[in-house]
$ cat entry25.cif   # mmCIF, C-alpha atoms
data_entry
#
loop_
_atom_site.label_atom_id
_atom_site.label_comp_id
_atom_site.auth_asym_id
_atom_site.auth_seq_id
_atom_site.Cartn_x
_atom_site.Cartn_y
_atom_site.Cartn_z
CA MET V 1 3.22 -6.28 12.81
CA GLN V 2 2.81 -9.58 14.59
CA LEU V 3 2.62 -13.09 13.18
CA ASP V 4 1.31 -16.18 15.02
CA VAL V 5 1.04 -19.71 13.70
CA ALA V 6 -1.33 -22.48 14.76
CA ALA V 7 -2.21 -25.91 13.40
CA MET V 8 -5.87 -26.52 12.56
CA GLU V 9 -7.68 -29.73 11.74
CA HIS V 10 -7.52 -31.18 8.20
CA GLY V 11 -3.82 -30.26 8.02
CA ILE V 12 -4.55 -26.56 7.61
CA THR V 13 -2.00 -24.11 8.99
CA LYS V 14 -3.44 -20.89 10.32
CA VAL V 15 -1.31 -17.75 10.25
CA SER V 16 -2.75 -14.85 12.21
CA LEU V 17 -1.42 -11.42 11.33
CA SER V 18 -2.04 -8.29 13.35
CA GLY V 19 -1.05 -4.67 12.89
CA ARG V 20 -0.17 -2.66 9.81
CA LEU V 21 0.94 -4.55 6.72
CA ASP V 22 2.66 -1.43 5.38
CA ILE V 23 6.26 -1.28 4.15
CA GLU V 24 7.68 -1.75 7.64
CA GLY V 25 5.23 -4.49 8.51
CA ALA V 26 5.83 -6.35 5.24
CA PHE V 27 9.61 -6.23 5.69
CA LYS V 28 9.24 -7.48 9.24
CA ILE V 29 7.27 -10.63 8.44
CA ASP V 30 8.14 -11.32 4.79
CA SER V 31 10.79 -14.02 5.21
CA GLN V 32 9.02 -15.77 8.10
CA PHE V 33 5.71 -15.74 6.23
CA LYS V 34 7.31 -17.15 3.08
CA LYS V 35 9.07 -19.89 5.07
CA ILE V 36 5.78 -20.97 6.68
CA ALA V 37 4.14 -21.08 3.26
CA GLU V 38 7.03 -23.09 1.81
CA GLU V 39 6.75 -25.63 4.61
CA ASN V 40 2.99 -26.10 4.36
CA LYS V 41 0.38 -26.93 1.77
CA ASN V 42 -2.85 -25.28 2.86
CA VAL V 43 -2.42 -21.99 4.67
CA LEU V 44 -5.23 -19.90 6.12
CA VAL V 45 -4.25 -16.30 6.76
CA ASP V 46 -6.38 -14.57 9.39
CA LEU V 47 -6.39 -10.87 8.49
CA SER V 48 -9.05 -9.78 10.97
CA GLU V 49 -6.50 -7.82 13.04
CA VAL V 50 -4.71 -6.24 10.09
CA THR V 51 -5.63 -2.56 9.99
CA PHE V 52 -3.73 -1.44 6.88
CA ILE V 53 -2.24 -2.92 3.74
CA ALA V 54 -0.47 -1.47 0.72
CA SER V 55 1.27 -2.97 -2.31
CA LEU V 56 4.27 -4.42 -0.48
CA GLY V 57 1.96 -6.20 1.94
CA VAL V 58 -0.01 -7.58 -1.01
CA HIS V 59 3.26 -8.89 -2.46
CA THR V 60 4.10 -10.58 0.83
CA LEU V 61 0.78 -12.43 0.65
CA MET V 62 1.31 -13.25 -3.03
CA ASN V 63 4.76 -14.69 -2.45
CA GLY V 64 3.31 -16.91 0.25
CA ALA V 65 0.48 -18.00 -2.05
CA LYS V 66 3.03 -18.90 -4.76
CA ALA V 67 4.83 -21.16 -2.29
CA THR V 68 1.64 -22.98 -1.27
CA VAL V 69 0.67 -23.53 -4.91
CA LYS V 70 4.12 -25.06 -5.53
CA ASN V 71 3.30 -27.46 -2.71
CA GLY V 72 0.04 -28.42 -4.42
CA GLY V 73 -2.05 -26.41 -1.98
CA LYS V 74 -3.44 -22.91 -1.69
CA MET V 75 -3.69 -19.86 0.52
CA VAL V 76 -7.04 -18.57 1.77
CA LEU V 77 -7.59 -15.15 3.35
CA LEU V 78 -9.91 -14.96 6.34
CA LYS V 79 -11.96 -11.99 7.56
CA PRO V 80 -10.11 -8.97 6.19
CA GLN V 81 -11.39 -5.63 7.47
CA PRO V 82 -13.41 -3.69 4.82
CA ASN V 83 -10.62 -1.27 3.83
CA VAL V 84 -8.04 -4.07 3.66
CA GLU V 85 -10.43 -6.19 1.60
CA LYS V 86 -10.90 -3.28 -0.79
CA VAL V 87 -7.14 -3.20 -1.46
CA LEU V 88 -7.06 -6.97 -1.97
CA ARG V 89 -9.97 -6.94 -4.41
CA ILE V 90 -8.66 -3.89 -6.33
CA SER V 91 -5.33 -5.72 -6.64
CA ARG V 92 -7.32 -8.78 -7.82
CA VAL V 93 -5.42 -11.17 -5.59
CA ASP V 94 -8.79 -12.77 -4.81
CA THR V 95 -8.57 -14.47 -8.21
CA PHE V 96 -6.08 -16.95 -6.74
CA MET V 97 -6.36 -16.34 -2.98
CA PRO V 98 -10.01 -16.85 -2.01
CA ILE V 99 -11.35 -14.41 0.59
CA THR V 100 -13.88 -15.67 3.11
CA HIS V 101 -15.51 -14.34 6.26
CA ASP V 102 -16.84 -17.73 7.27
CA LEU V 103 -14.45 -19.93 9.24
CA THR V 104 -16.79 -22.93 8.84
CA ALA V 105 -16.44 -22.71 5.05
CA VAL V 106 -12.64 -22.89 5.09
CA ALA V 107 -12.25 -26.69 4.82
CA ALA V 108 -14.54 -26.77 1.79
CA ILE V 109 -12.56 -23.97 0.11
CA PHE V 110 -9.36 -25.94 0.64
CA GLY V 111 -11.12 -29.08 -0.58
CA VAL V 112 -10.18 -31.11 2.48
CA MET Z 1 11.86 3.73 5.58
CA PRO Z 2 10.74 5.13 8.94
CA GLU Z 3 9.88 8.44 7.25
CA ILE Z 4 6.87 6.79 5.60
CA ALA Z 5 5.56 5.63 8.98
CA THR Z 6 6.12 9.15 10.32
CA ALA Z 7 4.17 10.61 7.40
CA ALA Z 8 1.36 8.07 7.93
CA ARG Z 9 1.08 9.12 11.59
CA TRP Z 10 1.05 12.78 10.60
CA ILE Z 11 -1.78 12.18 8.12
CA GLU Z 12 -3.57 10.36 10.94
CA SER Z 13 -3.32 13.43 13.16
CA ILE Z 14 -4.58 15.66 10.33
CA ALA Z 15 -7.51 13.29 9.73
CA ALA Z 16 -8.39 13.43 13.43
CA GLU Z 17 -8.21 17.22 13.35
CA LEU Z 18 -10.55 17.29 10.34
CA ASP Z 19 -12.73 14.53 11.76
CA LEU Z 20 -12.36 12.53 8.56
CA PRO Z 21 -13.96 9.08 8.37
CA ALA Z 22 -11.64 6.09 8.72
CA ARG Z 23 -12.24 5.10 5.11
CA GLN Z 24 -10.94 8.44 3.86
CA LEU Z 25 -7.88 8.27 6.10
CA PHE Z 26 -7.16 4.77 4.83
CA ASP Z 27 -7.37 5.87 1.17
CA MET Z 28 -5.02 8.79 1.84
CA GLN Z 29 -2.53 6.60 3.68
CA VAL Z 30 -2.46 4.01 0.89
CA CYS Z 31 -1.73 6.73 -1.69
CA LEU Z 32 0.86 8.40 0.53
CA GLU Z 33 2.72 5.15 1.23
CA GLU Z 34 2.77 4.20 -2.46
CA LEU Z 35 3.87 7.68 -3.54
CA MET Z 36 6.64 7.96 -0.96
CA SER Z 37 8.01 4.49 -1.68
CA ASN Z 38 8.03 5.37 -5.39
CA ILE Z 39 9.86 8.61 -4.73
CA VAL Z 40 12.49 6.85 -2.64
CA ARG Z 41 12.94 4.05 -5.20
CA HIS Z 42 12.79 6.10 -8.41
CA GLY Z 43 13.74 9.63 -7.49
CA GLY Z 44 16.24 9.25 -4.72
CA VAL Z 45 19.96 9.39 -4.42
CA TYR Z 46 20.16 5.64 -4.81
CA ALA Z 47 18.59 5.62 -8.27
CA SER Z 48 20.69 4.80 -11.34
CA SER Z 49 23.36 7.39 -12.03
CA THR Z 50 23.27 6.69 -15.79
CA SER Z 51 20.39 9.12 -16.24
CA TYR Z 52 21.11 12.52 -17.76
CA LEU Z 53 18.46 14.01 -15.54
CA PRO Z 54 19.37 16.27 -12.62
CA GLN Z 55 20.73 14.61 -9.53
CA THR Z 56 19.13 14.91 -6.14
CA ASP Z 57 20.29 17.85 -4.06
CA PRO Z 58 23.75 16.72 -2.87
CA VAL Z 59 23.57 18.86 0.29
CA ASN Z 60 20.08 18.16 1.57
CA GLY Z 61 19.54 14.71 0.07
CA LEU Z 62 16.06 13.62 -0.86
CA LEU Z 63 13.44 15.96 0.57
CA ILE Z 64 9.75 15.15 0.53
CA SER Z 65 7.15 17.73 1.45
CA ILE Z 66 3.55 16.80 2.15
CA THR Z 67 0.67 19.25 2.23
CA VAL Z 68 -2.95 18.55 3.05
CA ASN Z 69 -5.49 21.08 1.87
CA ALA Z 70 -9.02 20.55 3.15
CA LEU Z 71 -11.74 22.15 1.05
CA ALA Z 72 -15.48 21.97 1.55
CA ASP Z 73 -16.01 19.17 -0.94
CA ARG Z 74 -12.61 17.47 -1.21
CA ILE Z 75 -9.27 16.80 0.38
CA ILE Z 76 -6.18 17.64 -1.63
CA LEU Z 77 -2.90 15.87 -0.87
CA ILE Z 78 0.18 17.47 -2.42
CA VAL Z 79 3.47 15.58 -2.34
CA GLU Z 80 6.58 17.35 -3.57
CA ASP Z 81 10.11 16.03 -3.80
CA ASN Z 82 13.46 17.17 -5.16
CA GLY Z 83 14.29 13.85 -6.80
CA ARG Z 84 14.58 12.78 -10.40
CA PRO Z 85 11.49 13.23 -12.58
CA PHE Z 86 8.93 10.50 -12.13
CA ASN Z 87 5.52 11.07 -13.64
CA VAL Z 88 3.29 8.91 -11.51
CA ALA Z 89 0.21 9.95 -13.50
CA GLN Z 90 1.67 8.40 -16.66
CA ALA Z 91 3.39 5.43 -15.03
CA SER Z 92 1.95 2.08 -16.00
CA ALA Z 93 -0.40 0.56 -13.47
CA LYS Z 94 -0.68 -3.17 -13.02
CA PHE Z 95 -3.11 -5.33 -11.15
CA ILE Z 96 -2.85 -9.07 -10.91
CA ASP Z 97 -3.96 -10.20 -14.35
CA ARG Z 98 -1.86 -13.29 -14.99
CA PRO Z 99 -1.25 -16.71 -13.51
CA LEU Z 100 0.24 -16.56 -10.06
CA GLU Z 101 3.61 -17.99 -11.08
CA GLU Z 102 4.04 -15.21 -13.67
CA VAL Z 103 3.27 -12.34 -11.30
CA ARG Z 104 6.22 -10.02 -10.80
CA PRO Z 105 6.50 -7.06 -8.42
CA GLY Z 106 5.97 -3.56 -9.80
CA GLY Z 107 3.10 -1.39 -10.90
CA LEU Z 108 0.64 -2.49 -8.25
CA GLY Z 109 1.29 0.59 -6.12
CA ILE Z 110 0.51 2.85 -9.09
CA HIS Z 111 -2.68 0.87 -9.69
CA LEU Z 112 -3.71 1.42 -6.06
CA ILE Z 113 -3.01 5.17 -6.24
CA LYS Z 114 -5.07 5.50 -9.41
CA SER Z 115 -7.87 3.41 -7.91
CA PHE Z 116 -8.10 5.31 -4.63
CA ALA Z 117 -7.61 8.86 -5.94
CA ASN Z 118 -10.47 10.79 -7.50
CA ASN Z 119 -7.99 12.89 -9.43
CA LEU Z 120 -4.24 12.66 -9.92
CA GLU Z 121 -1.98 15.30 -11.45
CA TYR Z 122 1.76 15.46 -11.96
CA ARG Z 123 3.85 18.55 -12.62
CA ARG Z 124 7.60 18.93 -12.92
CA THR Z 125 8.60 22.19 -11.25
CA GLU Z 126 11.91 24.00 -10.80
CA LYS Z 127 12.24 22.31 -7.43
CA GLY Z 128 11.33 18.80 -8.54
CA ASN Z 129 8.21 16.65 -8.73
CA ARG Z 130 4.80 17.83 -7.59
CA ILE Z 131 1.98 15.34 -7.34
CA THR Z 132 -1.54 16.47 -6.49
CA ILE Z 133 -4.12 13.92 -5.46
CA GLU Z 134 -7.74 14.76 -4.81
CA PHE Z 135 -10.14 12.75 -2.69
CA ALA Z 136 -13.85 13.53 -2.73
CA ALA Z 137 -15.11 14.27 0.78
CA ASP Z 138 -17.68 11.89 2.17
CA GLY Z 139 -19.76 14.79 3.35
CA PRO Z 140 -19.48 18.57 3.39
CA PHE Z 141 -17.37 20.00 6.17
CA ILE Z 142 -15.99 23.39 7.08
CA PRO Z 143 -12.96 24.31 4.99
CA ARG Z 144 -9.72 24.49 6.96
CA ILE Z 145 -6.64 26.58 6.53
CA LEU Z 146 -4.01 24.83 4.49
CA THR Z 147 -1.85 22.68 6.70
CA SER Z 148 1.59 21.57 5.76
CA ARG Z 149 4.68 19.94 7.08
CA SER Z 150 7.90 18.80 5.51
CA GLY Z 151 9.82 15.62 6.01
CA ARG Z 152 13.16 14.33 4.95
#

$ encode --input "entry25.cif" --output "structure tokens"
Amino acid sequence: MQLDVAAMEHGITKVSLSGRLDIEGAFKIDSQFKKIAEENKNVLVDLSEVTFIASLGVHTLMNGAKATVKNGGKMVLLKPQPNVEKVLRISRVDTFMPITHDLTAVAAIFGV
Amino acid sequence: MPEIATAARWIESIAAELDLPARQLFDMQVCLEELMSNIVRHGGVYASSTSYLPQTDPVNGLLISITVNALADRIILIVEDNGRPFNVAQASAKFIDRPLEEVRPGGLGIHLIKSFANNLEYRRTEKGNRITIEFAADGPFIPRILTSRSGR
């Protein structure tokens, strides 16, 4: 599991994840991911290179989303692969972490 | 828990052998990861010792056996362990149904198992827990001889 961070325009922080967000992957990035979320307001998580996710990975994303909400912002999930998106929607995390496949729509979703 | 990653890779090799579609492999791996992490957390040697229920085998520790049975119309995943009883079929499942700040860990894995499996059965045997999960096959394929491997 790999995590990369980049600054985007409009003050959005992009976190790109790649690999398996399984138990091992979640443990590997959990604290770093949470710290990034705590230090930023609007966080875009690029999931296009994430090939697997299970409940612990969902909790990693949720903990990050909680931190951004505390900062008055939100977390948006970008381009999850179909199987990963299925897990996210079954878990119903999309009720508070919008999922989009359109990078040009991101600023509007964040309201910036 | 490196054993879970090992099991996931093994299921991957079985799926390749059976030429299963990626979607089916994904569903099986989600269920397997959730089941194994439940077994380790609830049935293992590190669980509360206040229970009157039998302890895990003190010599061998926690043993988990995984069997994949490929039939013409479905794949059957059987996970057996020698840990404390944990009826996954009756365990409460939770999805995210409350405000974000009130969300607590727990139950989501069970919800995923029940969502991805076409059928889920639990049986307590002399040896421990036996969980049978069925997945409908995407298309008919030639039945294969039962394949199994054990992990620890």

$ atom_distance --input "entry25.cif" --atom1 "CA of Ala67 in chain V" --atom2 "CA of Leu100 in chain Z"
10.1 Å

$ atom_distance --input "entry25.cif" --atom1 "CA of Ile39 in chain Z" --atom2 "CA of Leu18 in chain Z"
26.8 Å

$ closest_atom_pairs --input "entry25.cif" --of "chain V" --to "chain Z" --cutoff "8 Å" --atoms "all atoms listed in the file" --output "CSV"
residue,atom,partner,partner_atom,distance
V:Asp22,CA,Z:Glu33,CA,7.8
V:Ile23,CA,Z:Met1,CA,7.6
V:Glu24,CA,Z:Met1,CA,7.2
V:Phe52,CA,Z:Phe26,CA,7.4
V:Ile53,CA,Z:Val30,CA,7.5
V:Ala54,CA,Z:Val30,CA,5.8
V:Ser55,CA,Z:Gly109,CA,5.2
V:His59,CA,Z:Pro105,CA,7.0
V:Met62,CA,Z:Leu100,CA,7.8
V:Lys66,CA,Z:Glu101,CA,6.4
V:Asn83,CA,Z:Arg23,CA,6.7
V:Val87,CA,Z:Leu112,CA,7.4
V:Ile90,CA,Z:Leu112,CA,7.3
V:Ser91,CA,Z:Phe95,CA,5.0
V:Arg92,CA,Z:Ile96,CA,5.4
V:Val93,CA,Z:Ile96,CA,6.3
V:Phe96,CA,Z:Leu100,CA,7.1

$ atom_distance --input "entry25.cif" --atom1 "CA of Ser92 in chain Z" --atom2 "CA of Met75 in chain V"
28.0 Å

$ resolve_selection --input "entry25.cif" --expression "the PyMOL selection byres ((chain Z and resi 63) around 6)" --output "ChimeraX atom specification"
/Z:62,64,81-82,152

$ residues_around --input "entry25.cif" --residues "Asn63 in chain V" --least-positions-apart "3" --cutoff "9 Å" --atoms "all atoms listed in the file" --output "PyMOL selection string"
chain V and resi 30+33-34+37+58-60+66-68

$ closest_residue --input "entry25.cif" --among "V:Lys28, V:Lys41, V:Lys35, V:His101" --to "Gly11 in chain V" --atoms "only C-alpha atoms"
V:Lys41

$ closest_residue --input "entry25.cif" --among "V:Val76, V:Met1, V:Leu44, V:Ala6" --to "Met97 in chain V" --atoms "all atoms listed in the file"
V:Val76

$ resolve_selection --input "entry25.cif" --expression "the PyMOL selection byres ((chain Z and resi 90) around 12)" --output "CSV table (one decimal) with C-alpha atoms, in the frame of the given file"
chain,number,residue,atom,x,y,z
Z,85,PRO,CA,11.5,13.2,-12.6
Z,86,PHE,CA,8.9,10.5,-12.1
Z,87,ASN,CA,5.5,11.1,-13.6
Z,88,VAL,CA,3.3,8.9,-11.5
Z,89,ALA,CA,0.2,10.0,-13.5
Z,91,ALA,CA,3.4,5.4,-15.0
Z,92,SER,CA,2.0,2.1,-16.0
Z,93,ALA,CA,-0.4,0.6,-13.5
Z,107,GLY,CA,3.1,-1.4,-10.9
Z,110,ILE,CA,0.5,2.8,-9.1
Z,111,HIS,CA,-2.7,0.9,-9.7
Z,113,ILE,CA,-3.0,5.2,-6.2
Z,114,LYS,CA,-5.1,5.5,-9.4
Z,120,LEU,CA,-4.2,12.7,-9.9
Z,121,GLU,CA,-2.0,15.3,-11.4
Z,122,TYR,CA,1.8,15.5,-12.0
Z,123,ARG,CA,3.8,18.6,-12.6
Z,131,ILE,CA,2.0,15.3,-7.3

$ resolve_selection --input "entry25.cif" --expression "the PyMOL selection byres ((chain V and resi 13) around 10)" --output "JSON, numbers by chain"
{"V": [5, 6, 7, 8, 9, 10, 11, 12, 14, 15, 16, 36, 37, 39, 40, 41, 42, 43, 44, 45, 75]}

$ write_last_selection --input "entry25.cif" --atoms "C-alpha atoms" --output "PDB file, in the frame of the given file"
ATOM      1  CA  VAL V   5       1.040 -19.710  13.700  1.00  0.00           C
ATOM      2  CA  ALA V   6      -1.330 -22.480  14.760  1.00  0.00           C
ATOM      3  CA  ALA V   7      -2.210 -25.910  13.400  1.00  0.00           C
ATOM      4  CA  MET V   8      -5.870 -26.520  12.560  1.00  0.00           C
ATOM      5  CA  GLU V   9      -7.680 -29.730  11.740  1.00  0.00           C
ATOM      6  CA  HIS V  10      -7.520 -31.180   8.200  1.00  0.00           C
ATOM      7  CA  GLY V  11      -3.820 -30.260   8.020  1.00  0.00           C
ATOM      8  CA  ILE V  12      -4.550 -26.560   7.610  1.00  0.00           C
ATOM      9  CA  LYS V  14      -3.440 -20.890  10.320  1.00  0.00           C
ATOM     10  CA  VAL V  15      -1.310 -17.750  10.250  1.00  0.00           C
ATOM     11  CA  SER V  16      -2.750 -14.850  12.210  1.00  0.00           C
ATOM     12  CA  ILE V  36       5.780 -20.970   6.680  1.00  0.00           C
ATOM     13  CA  ALA V  37       4.140 -21.080   3.260  1.00  0.00           C
ATOM     14  CA  GLU V  39       6.750 -25.630   4.610  1.00  0.00           C
ATOM     15  CA  ASN V  40       2.990 -26.100   4.360  1.00  0.00           C
ATOM     16  CA  LYS V  41       0.380 -26.930   1.770  1.00  0.00           C
ATOM     17  CA  ASN V  42      -2.850 -25.280   2.860  1.00  0.00           C
ATOM     18  CA  VAL V  43      -2.420 -21.990   4.670  1.00  0.00           C
ATOM     19  CA  LEU V  44      -5.230 -19.900   6.120  1.00  0.00           C
ATOM     20  CA  VAL V  45      -4.250 -16.300   6.760  1.00  0.00           C
ATOM     21  CA  MET V  75      -3.690 -19.860   0.520  1.00  0.00           C
TER      22      MET V  75
END

$ residues_near_point --input "entry25.cif" --point "(0.6, 13.7, -3.3)" --cutoff "6 Å" --atoms "all atoms listed in the file" --output "ChimeraX atom specification"
/Z:77-79,131-133
